[in-house]
Amino acid sequence: MNPTIRLIALAMVCLVPMAIKAQDKPNLLDMLEKEDAKKPKTDYATATFKTTRLINAHSIEQLKGGVMDVKISHRFGTLNSGAYELFGLDNASIRIGADYGITDWLMVGLGRSSYEKQYDGFLKVKLLRQSTGTRSMPITLSGFAGMYYNTLHWADTSRINYYTSRINYVFQLMIARKFSEGFSLQISPTLTHYNIVPKTTDPNDLLSVGIGARQKLTKRVSLNVEYYYQIPGYKLEGSVNAFSAGFDIETGGHVFQLIFTNSTGIAENQYITKTNGQWQKGDVHFGFNIARVFTLRKPKHKVVSLP
Amino acid sequence: MHKSFLFVFALALSITSAFSQDIWMTRSGTISFEAGTGIEDVDGVNTEVASLLNIKTGDIAFNVPVKSFHFKRSLMEEHFNENYMETTKFPKASFQGRITDLSKVNFTKDGTYTVTVEGDLTLHGVTKKVSAPGTVKIGGGKINASSAFSVIMSDYNITIPGVVADKMSKDARIKVSCNYEKKTS
């Protein structure tokens, strides 16, 4: 072999590892990033909504396992009730309730509403989680089942009344997507079943579709709207569609919700199927929800003590 | 001719492999921080810290997935990600720097050595120069590096709202501990 070629070949062989070394040397962080990129990863969407309720309605958010959430929901009378009633402030519809997260994907709750003196209980399950990465899922899907028992005096004591007549149910699928850091949307097909309906012409199974959205205004304040469309022919006579708008204001362990709604009732069966206020007439209730969470069971994480 | 080629080749290989042998790694380092006051504990722990250490040059780097900080209260964890660290916008925190007094450490001899680490800390999208005391422990063919330092949160554009000002301190006390093993690949 020609000595010149041999020399060039030698030089090349020597230079290659040096070149590699020069490239590799300065940036350990880049090496870490590359290592990191190799790992399979799934990134789940979190905080699609701020709390487990959008306004009146349930959102797909769950309480974390071991967390209890005490909720006090308050609706004043209607704004159009005039100065004598101080624009509704003299009247109130209240629901007091407590929710508990059994696991991160299953929560239960109990409550009592002053409207129709009604007790309620519910169960909410998260079925799918919106995620990107190795496991990709465009939406979060949750299921909701609620049972309601009103304790009003019987309207007609002359007939035989069964306690089952007081019971009704709400079943809901909730489909939500967090489109961006600030904007989330939810659609909730809903079935409400009444064991007894007010009129013989009313159907027992009522169908509706809820739509709700959240837009973050700042890190701690968001604007929410929700609307329940009742399918014609599957609604109680005289009821109107519920529309509510409000703000979530977060302060440490509390979330404070200020809202305007045409619904007097706060439990699911009430606002979905028994709303009778009309926005255009000013039958609008101002109201608020206060929530306070308590960690009853601490999450299990590896306990690490550092020097 | 063939012999000299082989020799050079072997030499070249030894240079590269020597280089990769200098690098030690962990994927399960721990970082904890504490930012509470007497009123409320605000502390999180992350056990998924990735770090590389070059024992020849003293170069050291950390890559921290911010979402992997866990808290005793899940709501606090949510607020940490949503309101303070804005994890979606800034998913990683990182450090890239150097042990400035590496000559103090004898990697072949078991012992505990006190060193100084300097470099760039990136947190919440803001990069700042920091310097911290560190400890390097050599024992049983393993390297442990640890450090404790604090950062002022406002330096990194992390704002504390007035309503929780009495529950949170203005600085976060951070502790780092990594058990390194020789990087294999």
# chains A, B, ... in the order shown; residues from 1 in each chain; ligands from 1
$ select_by_dssp --residues "stretch 85-127 of chain B" --states "strand (DSSP E)" --output "list in words"
Lys92, Ala93, Ser94, Phe95, Gln96, Gly97, Arg98, Ile99, Gly111, Thr112, Tyr113, Thr114, Val115, Thr116, Val117, Glu118, Gly119, Asp120, Leu121, Thr122, Leu123, Val126 and Thr127 of chain B
$ interface_residues --of "chain A" --to "chain B" --cutoff "6 Å" --atoms "only C-alpha atoms" --output "MDAnalysis selection string"
chainID A and resid 17 28:29 219 298
$ write_last_selection --atoms "N, CA and C atoms" --output "PDB file, in the first residue's frame"
ATOM      1  N   PRO A  17     -12.504   8.790  16.752  1.00  0.00           N
ATOM      2  CA  PRO A  17     -12.904   8.778  18.166  1.00  0.00           C
ATOM      3  C   PRO A  17     -12.752  10.130  18.832  1.00  0.00           C
ATOM      4  N   LEU A  28     -23.813  16.901  29.076  1.00  0.00           N
ATOM      5  CA  LEU A  28     -24.408  15.765  29.766  1.00  0.00           C
ATOM      6  C   LEU A  28     -25.921  15.859  29.757  1.00  0.00           C
ATOM      7  N   LEU A  29     -26.432  17.105  29.782  1.00  0.00           N
ATOM      8  CA  LEU A  29     -27.877  17.304  29.822  1.00  0.00           C
ATOM      9  C   LEU A  29     -28.534  16.775  28.552  1.00  0.00           C
ATOM     10  N   LYS A 219     -54.483  31.949  36.478  1.00  0.00           N
ATOM     11  CA  LYS A 219     -54.108  30.653  37.029  1.00  0.00           C
ATOM     12  C   LYS A 219     -55.131  30.160  38.040  1.00  0.00           C
ATOM     13  N   LYS A 298     -53.813   9.597  53.732  1.00  0.00           N
ATOM     14  CA  LYS A 298     -52.700  10.161  52.966  1.00  0.00           C
ATOM     15  C   LYS A 298     -52.327   9.243  51.815  1.00  0.00           C
TER      16      LYS A 298
END
$ atom_distance --atom1 "atom CA of B:Asp43" --atom2 "atom CA of B:Phe149"
14.8 Å
$ residues_around --residues "A:Asp202" --least-positions-apart "2" --cutoff "6 Å" --atoms "only C-alpha atoms" --output "PyMOL selection string"
chain A and resi 199-200+236
$ residues_around --residues "B:Ala35" --least-positions-apart "3" --cutoff "10 Å" --atoms "only C-alpha atoms" --output "list in words"
Glu40, Asp41, Val42, Asp43, Gly44, Ser150, Met153, Lys167, Met168, Ser169, Lys170, Asp171, Ala172, Arg173 and Ile174 of chain B
$ residues_around --residues "A:Ala145" --least-positions-apart "2" --cutoff "6 Å" --atoms "only C-alpha atoms" --output "PDB file with C-alpha atoms, in the first residue's frame"
ATOM      1  CA  PHE A 122     -74.315   9.224  43.957  1.00  0.00           C
ATOM      2  CA  LEU A 123     -71.444   7.243  42.592  1.00  0.00           C
ATOM      3  CA  VAL A 170     -80.108   9.987  37.074  1.00  0.00           C
ATOM      4  CA  PHE A 171     -77.607   8.137  34.865  1.00  0.00           C
TER       5      PHE A 171
END
$ closest_residue --among "A:Leu296, A:Leu185, A:Leu32, A:Val209" --to "B:Thr26" --atoms "only C-alpha atoms"
A:Leu32
$ atom_distance --atom1 "atom CA of B:Gly140" --atom2 "atom CA of B:Lys56"
19.0 Å
$ residues_around --residues "stretch 264-268 of chain A" --least-positions-apart "3" --cutoff "6 Å" --atoms "only C-alpha atoms" --output "list in words"
Tyr115, Tyr271 and Ile272 of chain A
$ write_last_selection --atoms "N, CA, C and O atoms" --output "mmCIF file, in the first residue's frame"
data_model
loop_
_atom_site.group_PDB
_atom_site.id
_atom_site.type_symbol
_atom_site.label_atom_id
_atom_site.label_comp_id
_atom_site.auth_asym_id
_atom_site.auth_seq_id
_atom_site.Cartn_x
_atom_site.Cartn_y
_atom_site.Cartn_z
ATOM 1 N N TYR A 115 -84.631 22.267 48.602
ATOM 2 C CA TYR A 115 -85.642 22.228 47.554
ATOM 3 C C TYR A 115 -86.224 20.816 47.487
ATOM 4 O O TYR A 115 -85.493 19.836 47.327
ATOM 5 N N TYR A 271 -82.104 20.161 38.630
ATOM 6 C CA TYR A 271 -81.768 21.191 37.625
ATOM 7 C C TYR A 271 -81.919 20.675 36.202
ATOM 8 O O TYR A 271 -82.215 21.440 35.298
ATOM 9 N N ILE A 272 -81.748 19.370 36.003
ATOM 10 C CA ILE A 272 -81.847 18.874 34.625
ATOM 11 C C ILE A 272 -83.301 18.868 34.155
ATOM 12 O O ILE A 272 -83.603 19.288 33.045
#
$ atom_distance --atom1 "atom CA of A:Thr275" --atom2 "atom CA of A:Ile249"
25.6 Å
$ select_by_dssp --residues "stretch 82-179 of chain B" --states "helix (DSSP H, G or I)" --output "list in words"
Glu82, Asn83, Tyr84, Leu102, Ser103, Lys104, Met153, Ser154, Asp155, Tyr156, Gly162, Val163 and Val164 of chain B
